[in-house]
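Visitor: If it helps, the file is called target.cif and holds mmCIF, C-alpha atoms and all ligand atoms:
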```
data_coords
loop_
_atom_site.group_PDB
_atom_site.id
_atom_site.type_symbol
_atom_site.label_atom_id
_atom_site.label_comp_id
_atom_site.auth_asym_id
_atom_site.auth_seq_id
_atom_site.Cartn_x
_atom_site.Cartn_y
_atom_site.Cartn_z
ATOM 1 C CA MET X 823 -50.698 21.167 0.746
ATOM 2 C CA ARG X 824 -54.031 22.937 0.946
ATOM 3 C CA ILE X 825 -56.652 23.525 -1.718
ATOM 4 C CA VAL X 826 -59.029 26.482 -1.727
ATOM 5 C CA CYS X 827 -62.349 24.901 -2.657
ATOM 6 C CA PRO X 828 -64.444 27.484 -4.529
ATOM 7 C CA PHE X 829 -67.443 26.385 -2.454
ATOM 8 C CA CYS X 830 -65.941 25.686 1.003
ATOM 9 C CA GLY X 831 -62.801 27.794 1.251
ATOM 10 C CA GLU X 832 -59.289 26.660 2.188
ATOM 11 C CA ARG X 833 -59.082 23.020 3.298
ATOM 12 C CA GLU X 834 -56.403 20.487 4.139
ATOM 13 C CA LEU X 835 -55.343 17.899 1.593
ATOM 14 C CA GLY X 836 -56.913 15.036 3.581
ATOM 15 C CA GLU X 837 -60.401 16.172 2.537
ATOM 16 C CA PHE X 838 -59.572 15.743 -1.161
ATOM 17 C CA THR X 839 -59.000 12.808 -3.474
ATOM 18 C CA TYR X 840 -56.878 13.017 -6.610
ATOM 19 C CA LEU X 841 -58.400 11.664 -9.797
ATOM 20 C CA GLY X 842 -55.799 12.587 -12.395
ATOM 21 C CA ASP X 843 -54.938 14.666 -15.413
ATOM 22 C CA ALA X 844 -57.779 16.930 -16.542
ATOM 23 C CA LYS X 845 -56.341 17.295 -20.029
ATOM 24 C CA PRO X 846 -57.339 14.096 -21.861
ATOM 25 C CA VAL X 847 -60.550 14.495 -23.834
ATOM 26 C CA ARG X 848 -62.699 11.468 -24.575
ATOM 27 C CA PRO X 849 -62.310 10.568 -28.276
ATOM 28 C CA VAL X 850 -65.348 10.779 -30.537
ATOM 29 C CA ALA X 851 -67.236 7.578 -31.318
ATOM 30 C CA GLY X 852 -65.436 5.728 -34.086
ATOM 31 C CA ALA X 853 -62.016 7.103 -33.143
ATOM 32 C CA SER X 854 -59.017 4.945 -33.982
ATOM 33 C CA GLU X 855 -57.665 2.354 -31.540
ATOM 34 C CA ASP X 856 -54.521 4.442 -31.096
ATOM 35 C CA GLU X 857 -56.541 7.485 -30.047
ATOM 36 C CA VAL X 858 -58.573 5.448 -27.539
ATOM 37 C CA PHE X 859 -55.427 3.768 -26.195
ATOM 38 C CA ASP X 860 -53.839 7.171 -25.750
ATOM 39 C CA TYR X 861 -56.926 8.515 -23.941
ATOM 40 C CA VAL X 862 -57.237 5.528 -21.591
ATOM 41 C CA TYR X 863 -53.597 4.724 -20.825
ATOM 42 C CA LEU X 864 -51.072 7.334 -21.862
ATOM 43 C CA ARG X 865 -50.315 10.268 -19.595
ATOM 44 C CA ASP X 866 -47.746 13.020 -19.796
ATOM 45 C CA ASN X 867 -45.376 13.213 -16.842
ATOM 46 C CA VAL X 868 -45.296 16.981 -16.664
ATOM 47 C CA ALA X 869 -42.644 18.889 -14.713
ATOM 48 C CA GLY X 870 -44.394 22.234 -14.410
ATOM 49 C CA ALA X 871 -47.916 23.560 -14.859
ATOM 50 C CA THR X 872 -50.642 20.904 -14.943
ATOM 51 C CA SER X 873 -54.383 20.786 -14.709
ATOM 52 C CA GLU X 874 -55.869 18.054 -12.509
ATOM 53 C CA TYR X 875 -59.193 16.784 -11.247
ATOM 54 C CA TRP X 876 -59.628 16.665 -7.481
ATOM 55 C CA TYR X 877 -62.694 15.558 -5.541
ATOM 56 C CA HIS X 878 -63.726 17.327 -2.329
ATOM 57 C CA GLY X 879 -65.178 14.105 -0.932
ATOM 58 C CA GLY X 880 -64.443 15.016 2.690
ATOM 59 C CA GLY X 881 -66.316 18.289 2.234
ATOM 60 C CA CYS X 882 -68.906 19.531 -0.254
ATOM 61 C CA ARG X 883 -68.476 16.520 -2.612
ATOM 62 C CA ALA X 884 -67.835 18.745 -5.624
ATOM 63 C CA TRP X 885 -65.384 17.887 -8.408
ATOM 64 C CA LEU X 886 -62.747 20.538 -8.914
ATOM 65 C CA LYS X 887 -60.276 21.417 -11.632
ATOM 66 C CA VAL X 888 -56.995 22.443 -10.043
ATOM 67 C CA SER X 889 -54.135 24.187 -11.860
ATOM 68 C CA ARG X 890 -50.972 23.079 -10.053
ATOM 69 C CA ASN X 891 -47.256 23.302 -10.672
ATOM 70 C CA THR X 892 -45.721 19.860 -10.056
ATOM 71 C CA LEU X 893 -42.295 21.391 -9.390
ATOM 72 C CA THR X 894 -43.372 23.817 -6.679
ATOM 73 C CA HIS X 895 -46.823 22.441 -5.676
ATOM 74 C CA GLU X 896 -48.063 25.987 -6.133
ATOM 75 C CA ILE X 897 -51.766 26.084 -6.984
ATOM 76 C CA SER X 898 -52.643 28.939 -9.307
ATOM 77 C CA ALA X 899 -56.368 28.298 -9.834
ATOM 78 C CA VAL X 900 -59.207 26.106 -8.590
ATOM 79 C CA GLU X 901 -62.521 26.033 -10.387
ATOM 80 C CA PRO X 902 -65.592 23.808 -10.277
ATOM 81 C CA ALA X 903 -65.363 20.957 -12.765
ATOM 82 C CA ALA X 904 -68.145 20.741 -15.334
ATOM 83 C CA GLY X 905 -71.278 19.484 -13.567
ATOM 84 C CA ALA X 906 -70.319 20.611 -10.050
ATOM 85 C CA GLY X 907 -73.454 22.117 -8.545
ATOM 86 C CA ALA X 908 -76.685 22.469 -10.461
ATOM 87 C CA ALA X 909 -76.372 26.232 -10.928
ATOM 88 C CA LYS X 910 -72.957 26.062 -12.526
ATOM 89 C CA VAL X 911 -74.271 24.176 -15.533
ATOM 90 C CA GLY X 912 -76.740 25.323 -18.135
ATOM 91 C CA ALA X 913 -80.227 23.822 -18.188
ATOM 92 C CA MET N 742 -97.868 -13.610 7.280
ATOM 93 C CA VAL N 743 -95.187 -12.179 9.494
ATOM 94 C CA ASP N 744 -95.723 -8.885 11.213
ATOM 95 C CA PHE N 745 -92.703 -6.635 11.288
ATOM 96 C CA SER N 746 -92.514 -3.738 13.619
ATOM 97 C CA TRP N 747 -89.893 -1.097 13.096
ATOM 98 C CA THR N 748 -88.779 0.830 16.115
ATOM 99 C CA PRO N 749 -86.432 3.753 15.466
ATOM 100 C CA ARG N 750 -83.322 3.504 17.605
ATOM 101 C CA SER N 751 -80.423 5.864 17.998
ATOM 102 C CA PRO N 752 -77.163 4.705 16.392
ATOM 103 C CA LEU N 753 -75.558 5.756 19.696
ATOM 104 C CA GLU N 754 -77.966 3.800 21.864
ATOM 105 C CA LYS N 755 -75.229 1.475 23.109
ATOM 106 C CA ALA N 756 -72.196 3.754 23.057
ATOM 107 C CA LEU N 757 -73.780 6.753 24.752
ATOM 108 C CA VAL N 758 -73.785 6.526 28.539
ATOM 109 C CA THR N 759 -75.335 9.544 30.190
ATOM 110 C CA GLY N 760 -73.595 11.295 33.045
ATOM 111 C CA ALA N 761 -70.043 12.387 33.724
ATOM 112 C CA HIS N 762 -67.050 11.250 31.701
ATOM 113 C CA GLY N 763 -63.332 11.996 31.808
ATOM 114 C CA ALA N 764 -61.699 14.361 34.261
ATOM 115 C CA ARG N 765 -63.438 14.624 37.633
ATOM 116 C CA GLY N 766 -63.260 17.176 40.370
ATOM 117 C CA ILE N 767 -63.509 20.061 37.922
ATOM 118 C CA GLU N 768 -66.516 21.697 36.356
ATOM 119 C CA ALA N 769 -67.157 19.881 33.067
ATOM 120 C CA GLY N 770 -65.780 21.925 30.174
ATOM 121 C CA VAL N 771 -67.661 20.099 27.429
ATOM 122 C CA SER N 772 -71.281 19.003 27.102
ATOM 123 C CA LEU N 773 -72.106 16.340 24.525
ATOM 124 C CA THR N 774 -75.806 15.950 23.820
ATOM 125 C CA GLU N 775 -77.197 13.618 21.215
ATOM 126 C CA ILE N 776 -80.401 14.974 19.670
ATOM 127 C CA ARG N 777 -82.825 12.174 18.847
ATOM 128 C CA ASN N 778 -85.917 11.789 16.655
ATOM 129 C CA PHE N 779 -85.500 14.625 14.197
ATOM 130 C CA ASP N 780 -86.696 15.034 10.620
ATOM 131 C CA LEU N 781 -83.870 15.539 8.154
ATOM 132 C CA VAL N 782 -84.299 15.935 4.405
ATOM 133 C CA GLN N 783 -81.501 16.475 1.905
ATOM 134 C CA VAL N 784 -82.566 18.773 -0.942
ATOM 135 C CA MET N 785 -80.413 18.917 -4.086
ATOM 136 C CA ALA N 786 -81.283 21.111 -7.071
ATOM 137 C CA ARG N 787 -81.907 19.334 -10.345
ATOM 138 C CA ARG N 788 -79.526 20.289 -13.136
ATOM 139 C CA GLY N 789 -80.084 23.895 -14.156
ATOM 140 C CA LYS N 790 -82.876 24.340 -11.590
ATOM 141 C CA ALA N 791 -81.022 25.924 -8.670
ATOM 142 C CA ALA N 792 -82.899 29.226 -8.996
ATOM 143 C CA ASP N 793 -86.252 27.407 -9.174
ATOM 144 C CA MET N 794 -85.336 25.390 -6.103
ATOM 145 C CA ALA N 795 -84.387 28.529 -4.155
ATOM 146 C CA LYS N 796 -87.732 30.096 -5.079
ATOM 147 C CA ALA N 797 -89.745 27.024 -4.096
ATOM 148 C CA ALA N 798 -87.793 26.730 -0.844
ATOM 149 C CA LYS N 799 -88.440 30.372 -0.019
ATOM 150 C CA ALA N 800 -92.169 29.702 -0.363
ATOM 151 C CA CYS N 801 -91.820 26.794 2.138
ATOM 152 C CA PHE N 802 -89.574 28.393 4.738
ATOM 153 C CA GLY N 803 -89.978 32.154 4.305
ATOM 154 C CA VAL N 804 -86.265 32.524 3.536
ATOM 155 C CA ALA N 805 -84.112 31.457 0.615
ATOM 156 C CA PRO N 806 -81.898 28.462 1.443
ATOM 157 C CA PRO N 807 -78.212 29.214 2.136
ATOM 158 C CA ASP N 808 -76.064 29.472 -1.012
ATOM 159 C CA ALA N 809 -72.809 29.481 0.973
ATOM 160 C CA PRO N 810 -71.619 27.458 4.004
ATOM 161 C CA LYS N 811 -74.170 28.748 6.523
ATOM 162 C CA ALA N 812 -77.038 27.502 8.650
ATOM 163 C CA LEU N 813 -80.246 29.534 8.653
ATOM 164 C CA GLN N 814 -82.624 29.297 11.575
ATOM 165 C CA THR N 815 -86.318 29.761 10.796
ATOM 166 C CA PRO N 816 -89.043 29.510 13.470
ATOM 167 C CA ASP N 817 -89.594 25.795 12.736
ATOM 168 C CA ALA N 818 -86.598 24.527 10.765
ATOM 169 C CA THR N 819 -82.854 24.857 10.310
ATOM 170 C CA LEU N 820 -81.592 25.074 6.715
ATOM 171 C CA ILE N 821 -77.994 23.924 6.508
ATOM 172 C CA TRP N 822 -75.769 24.275 3.437
ATOM 173 C CA SER N 823 -74.322 20.903 2.455
ATOM 174 C CA GLY N 824 -72.677 21.643 -0.895
ATOM 175 C CA PRO N 825 -73.254 23.676 -4.044
ATOM 176 C CA ASP N 826 -76.996 23.971 -4.753
ATOM 177 C CA GLN N 827 -77.957 21.613 -1.957
ATOM 178 C CA PHE N 828 -79.005 21.900 1.666
ATOM 179 C CA PHE N 829 -80.452 20.000 4.606
ATOM 180 C CA VAL N 830 -83.792 20.736 6.229
ATOM 181 C CA LEU N 831 -83.620 19.857 9.907
ATOM 182 C CA SER N 832 -86.833 20.025 11.904
ATOM 183 C CA LYS N 833 -89.076 18.225 14.366
ATOM 184 C CA GLY N 834 -92.662 17.108 14.568
ATOM 185 C CA GLY N 835 -93.241 16.320 10.891
ATOM 186 C CA LYS N 836 -94.005 19.822 9.647
ATOM 187 C CA HIS N 837 -91.034 19.784 7.261
ATOM 188 C CA ALA N 838 -90.685 16.030 6.831
ATOM 189 C CA MET N 839 -90.323 14.255 3.497
ATOM 190 C CA ASP N 840 -94.022 13.939 2.713
ATOM 191 C CA THR N 841 -94.638 17.667 3.249
ATOM 192 C CA LEU N 842 -91.547 18.905 1.421
ATOM 193 C CA ALA N 843 -91.651 16.568 -1.572
ATOM 194 C CA PRO N 844 -94.779 18.051 -3.212
ATOM 195 C CA ALA N 845 -93.385 21.582 -2.885
ATOM 196 C CA LEU N 846 -89.791 20.952 -3.929
ATOM 197 C CA SER N 847 -89.595 17.842 -6.074
ATOM 198 C CA GLY N 848 -90.155 19.745 -9.335
ATOM 199 C CA SER N 849 -86.865 21.603 -8.982
ATOM 200 C CA ALA N 850 -84.930 19.361 -6.611
ATOM 201 C CA SER N 851 -84.193 15.770 -5.674
ATOM 202 C CA LEU N 852 -85.109 14.989 -2.071
ATOM 203 C CA SER N 853 -83.740 12.270 0.125
ATOM 204 C CA ASP N 854 -84.970 11.438 3.622
ATOM 205 C CA GLN N 855 -81.971 11.266 5.959
ATOM 206 C CA SER N 856 -83.884 11.278 9.272
ATOM 207 C CA HIS N 857 -82.644 7.842 10.309
ATOM 208 C CA ALA N 858 -79.400 7.980 8.341
ATOM 209 C CA ARG N 859 -77.624 10.554 10.470
ATOM 210 C CA ALA N 860 -76.801 11.192 14.079
ATOM 211 C CA LEU N 861 -76.863 14.705 15.498
ATOM 212 C CA ILE N 862 -74.617 15.725 18.359
ATOM 213 C CA SER N 863 -74.453 19.085 20.066
ATOM 214 C CA VAL N 864 -71.022 20.013 21.428
ATOM 215 C CA SER N 865 -71.032 22.956 23.794
ATOM 216 C CA GLY N 866 -69.244 24.481 26.706
ATOM 217 C CA ILE N 867 -66.243 26.572 27.615
ATOM 218 C CA GLN N 868 -63.840 23.950 26.191
ATOM 219 C CA ALA N 869 -65.942 23.000 23.152
ATOM 220 C CA ARG N 870 -63.563 24.786 20.779
ATOM 221 C CA ALA N 871 -60.463 23.272 22.376
ATOM 222 C CA MET N 872 -61.957 19.809 22.074
ATOM 223 C CA LEU N 873 -63.081 20.291 18.453
ATOM 224 C CA ALA N 874 -59.691 21.746 17.513
ATOM 225 C CA LYS N 875 -58.201 18.296 18.062
ATOM 226 C CA LEU N 876 -60.560 16.817 15.475
ATOM 227 C CA SER N 877 -61.056 19.569 12.946
ATOM 228 C CA SER N 878 -58.859 21.857 10.866
ATOM 229 C CA ILE N 879 -61.630 24.454 10.589
ATOM 230 C CA ASP N 880 -60.935 27.714 12.416
ATOM 231 C CA LEU N 881 -63.713 27.847 15.006
ATOM 232 C CA HIS N 882 -62.666 31.121 16.630
ATOM 233 C CA ALA N 883 -65.715 33.290 17.265
ATOM 234 C CA ALA N 884 -64.502 35.869 14.734
ATOM 235 C CA SER N 885 -63.981 33.283 11.977
ATOM 236 C CA PHE N 886 -66.902 30.993 12.709
ATOM 237 C CA PRO N 887 -69.787 33.117 13.994
ATOM 238 C CA ILE N 888 -73.245 31.863 14.914
ATOM 239 C CA GLY N 889 -74.816 30.511 11.737
ATOM 240 C CA ALA N 890 -71.495 29.543 10.119
ATOM 241 C CA ALA N 891 -71.416 26.027 8.684
ATOM 242 C CA ALA N 892 -68.924 23.671 7.054
ATOM 243 C CA ALA N 893 -69.073 20.432 5.129
ATOM 244 C CA THR N 894 -65.857 18.910 6.388
ATOM 245 C CA SER N 895 -64.203 15.822 7.863
ATOM 246 C CA MET N 896 -63.317 14.831 11.394
ATOM 247 C CA ASP N 897 -61.213 11.759 12.043
ATOM 248 C CA HIS N 898 -61.533 10.879 8.313
ATOM 249 C CA THR N 899 -65.319 10.950 8.656
ATOM 250 C CA SER N 900 -67.563 13.330 6.717
ATOM 251 C CA VAL N 901 -69.527 15.648 8.975
ATOM 252 C CA THR N 902 -71.723 18.692 8.630
ATOM 253 C CA LEU N 903 -70.717 21.194 11.266
ATOM 254 C CA TRP N 904 -72.474 24.406 12.183
ATOM 255 C CA ARG N 905 -72.506 26.845 15.059
ATOM 256 C CA GLY N 906 -75.880 27.231 16.723
ATOM 257 C CA ALA N 907 -77.080 29.932 19.062
ATOM 258 C CA ASP N 908 -75.049 30.283 22.241
ATOM 259 C CA ARG N 909 -76.306 28.423 25.278
ATOM 260 C CA GLU N 910 -78.314 30.280 27.890
ATOM 261 C CA ASP N 911 -75.135 30.745 29.921
ATOM 262 C CA GLY N 912 -73.483 32.414 26.911
ATOM 263 C CA LEU N 913 -71.147 29.532 26.065
ATOM 264 C CA PRO N 914 -70.772 28.456 22.426
ATOM 265 C CA ALA N 915 -72.606 25.477 20.943
ATOM 266 C CA PHE N 916 -71.700 23.538 17.803
ATOM 267 C CA ASN N 917 -73.766 20.939 15.980
ATOM 268 C CA LEU N 918 -72.364 17.869 14.269
ATOM 269 C CA LEU N 919 -74.340 15.826 11.798
ATOM 270 C CA MET N 920 -72.726 12.539 10.805
ATOM 271 C CA PHE N 921 -73.590 9.321 9.012
ATOM 272 C CA ALA N 922 -75.337 6.969 11.449
ATOM 273 C CA THR N 923 -72.985 4.092 10.675
ATOM 274 C CA PHE N 924 -69.945 6.228 11.562
ATOM 275 C CA ALA N 925 -71.509 7.794 14.652
ATOM 276 C CA GLU N 926 -70.252 5.267 17.181
ATOM 277 C CA SER N 927 -66.679 5.496 15.921
ATOM 278 C CA LEU N 928 -66.702 9.286 15.934
ATOM 279 C CA TRP N 929 -68.417 9.327 19.320
ATOM 280 C CA HIS N 930 -65.511 7.448 20.905
ATOM 281 C CA THR N 931 -63.032 9.800 19.246
ATOM 282 C CA MET N 932 -64.997 12.756 20.597
ATOM 283 C CA LEU N 933 -65.030 11.314 24.116
ATOM 284 C CA ASP N 934 -61.260 10.810 23.955
ATOM 285 C CA SER N 935 -60.612 14.368 22.850
ATOM 286 C CA ALA N 936 -63.024 15.847 25.410
ATOM 287 C CA GLY N 937 -61.978 13.667 28.364
ATOM 288 C CA GLU N 938 -59.293 15.932 29.781
ATOM 289 C CA TYR N 939 -61.795 18.814 30.093
ATOM 290 C CA GLY N 940 -64.469 16.817 31.898
ATOM 291 C CA VAL N 941 -67.597 15.875 29.954
ATOM 292 C CA THR N 942 -71.313 15.890 30.662
ATOM 293 C CA ILE N 943 -73.106 13.379 28.438
ATOM 294 C CA SER N 944 -76.816 13.408 27.727
ATOM 295 C CA HIS N 945 -79.392 12.867 25.029
ATOM 296 C CA SER N 946 -82.417 14.942 24.262
ATOM 297 C CA GLU N 947 -85.569 14.934 22.189
ATOM 298 C CA ASP N 948 -85.260 18.696 21.750
ATOM 299 C CA PHE N 949 -82.842 20.810 19.783
ATOM 300 C CA ALA N 950 -80.264 22.540 21.918
HETATM 301 ZN ZN ZN X 1001 -65.765 21.980 -1.133
#
```
Can the structure in the file be given as structure tokens, please?
Ligand SMILES: [Zn+2]
Guide:
Amino acid sequence: MRIVCPFCGERELGEFTYLGDAKPVRPVAGASEDEVFDYVYLRDNVAGATSEYWYHGGGCRAWLKVSRNTLTHEISAVEPAAGAGAAKVGA
Amino acid sequence: MVDFSWTPRSPLEKALVTGAHGARGIEAGVSLTEIRNFDLVQVMARRGKAADMAKAAKACFGVAPPDAPKALQTPDATLIWSGPDQFFVLSKGGKHAMDTLAPALSGSASLSDQSHARALISVSGIQARAMLAKLSSIDLHAASFPIGAAAATSMDHTSVTLWRGADREDGLPAFNLLMFATFAESLWHTMLDSAGEYGVTISHSEDFA
């Protein structure tokens, strides 16, 4: 598997580290215990299109959001995660 | 009161043995030269200040820093891309060292002195590409990786900054490898192993290749 880093270009898998599902959103302060439990522990086991965080630690050290199909390993999109590179984020 | 004296030493001081290595009886295909005593500063734009940083850097170096994987040569420094909105300043003689760059750039960027935190090795020669191909998955063919091309990548599971410098005087290609000092000895041995079959000339230098 290879990932096309938006900053570096196409690179081998060994340069990247998988963090996990990019879908869960941190609950607001004061959210219920169930919501927090869900956010921290519960993950969908998707067969199909997913969105994941990957870290290009063996390269430019940017966090990336990768759209990948778990059935085919086909990657349809790679974009910088929020906060990757100073220019990509508003002041 | 104890007096401490700090003497800079190369991280390859023990591992690097100058002279010939590997295959004998053929003209050495690879030259490995460690460059010592350089000034290296990492410059990273503060959040939302990438354009300000580029402007301030242009005032320092006469050119805007690279915004893609490239190395720019100015008369007295090399600016090497190291990631989005960040670059290295590699130079000698203190002109672009931390204390000179910080006043000019610290408003828009965070600076970190890496002079003694990295080792710099020049890999050149007719077999330089063949030797690097064993360690790197980057396409180093002249058409894909021209002079001035750079990559933040890994070799032997070790992060390195790789860029192609000007060709040697004899026209053969030269690549530069910047690596963490603490990993330098390990990577050095790996490099010797991959270069051995081509015959290696080992040296160190106070000057850039
Ligand atoms: Zn990258």
Visitor: Using the chain letters and numbers from this file, what does the PyMOL selection byres (((not hetatm)) within 9 of (chain X and resi 1001)) select? Give the answer as a PyMOL selection string.
Guide: (chain X and resi 826-833+837-838+877-886) or (chain N and resi 824-825+892-894)
Visitor: Distance atom CA of Ser935 of chain N-atom CA of Val771 of chain N, one decimal place?
Guide: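 Between atom CA of Ser935 of chain N and atom CA of Val771 of chain N the gap works out to 10.2 Å.
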Visitor: Which residues, named as in the file, does the PyMOL selection byres ((chain N) within 9 of (chain X and not hetatm)) pick out? Answer as a list in words.
Guide: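 Answer for the PyMOL selection byres ((chain N) within 9 of (chain X and not hetatm)): Met785, Ala786, Arg787, Arg788, Gly789, Lys790, Ala791, Ala792, Ala809, Pro810, Ser823, Gly824, Pro825, Asp826, Gln827, Ser878, Ile879, Ala892, Ala893, Thr894, Ser895, Met896, His898, Thr899, Ser900, Val901 and Thr902 of chain N.
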Visitor: Would you mind listing what lies within 6 Å of Arg905 of chain N as a PDB file with C-alpha atoms, in the frame of the given file, with only C-alpha atoms counted and same-chain residues fewer than 3 positions away left out?
Guide:
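Everything below was put into part.pdb:
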```pdb
ATOM      1  CA  ILE N 888     -73.245  31.863  14.914  1.00  0.00           C
ATOM      2  CA  GLY N 889     -74.816  30.511  11.737  1.00  0.00           C
ATOM      3  CA  ALA N 890     -71.495  29.543  10.119  1.00  0.00           C
ATOM      4  CA  PHE N 916     -71.700  23.538  17.803  1.00  0.00           C
TER       5      PHE N 916
END
```
Visitor: Here's the selection I'm unsure about, the PyMOL selection byres (((chain N and resi 850-861) around 7) and not hetatm); applied to the file above, which residues does it give, as a ChimeraX atom specification?
Guide: /N:752,775-776,779-787,794,839,843,846-849,862-863,917-922,925
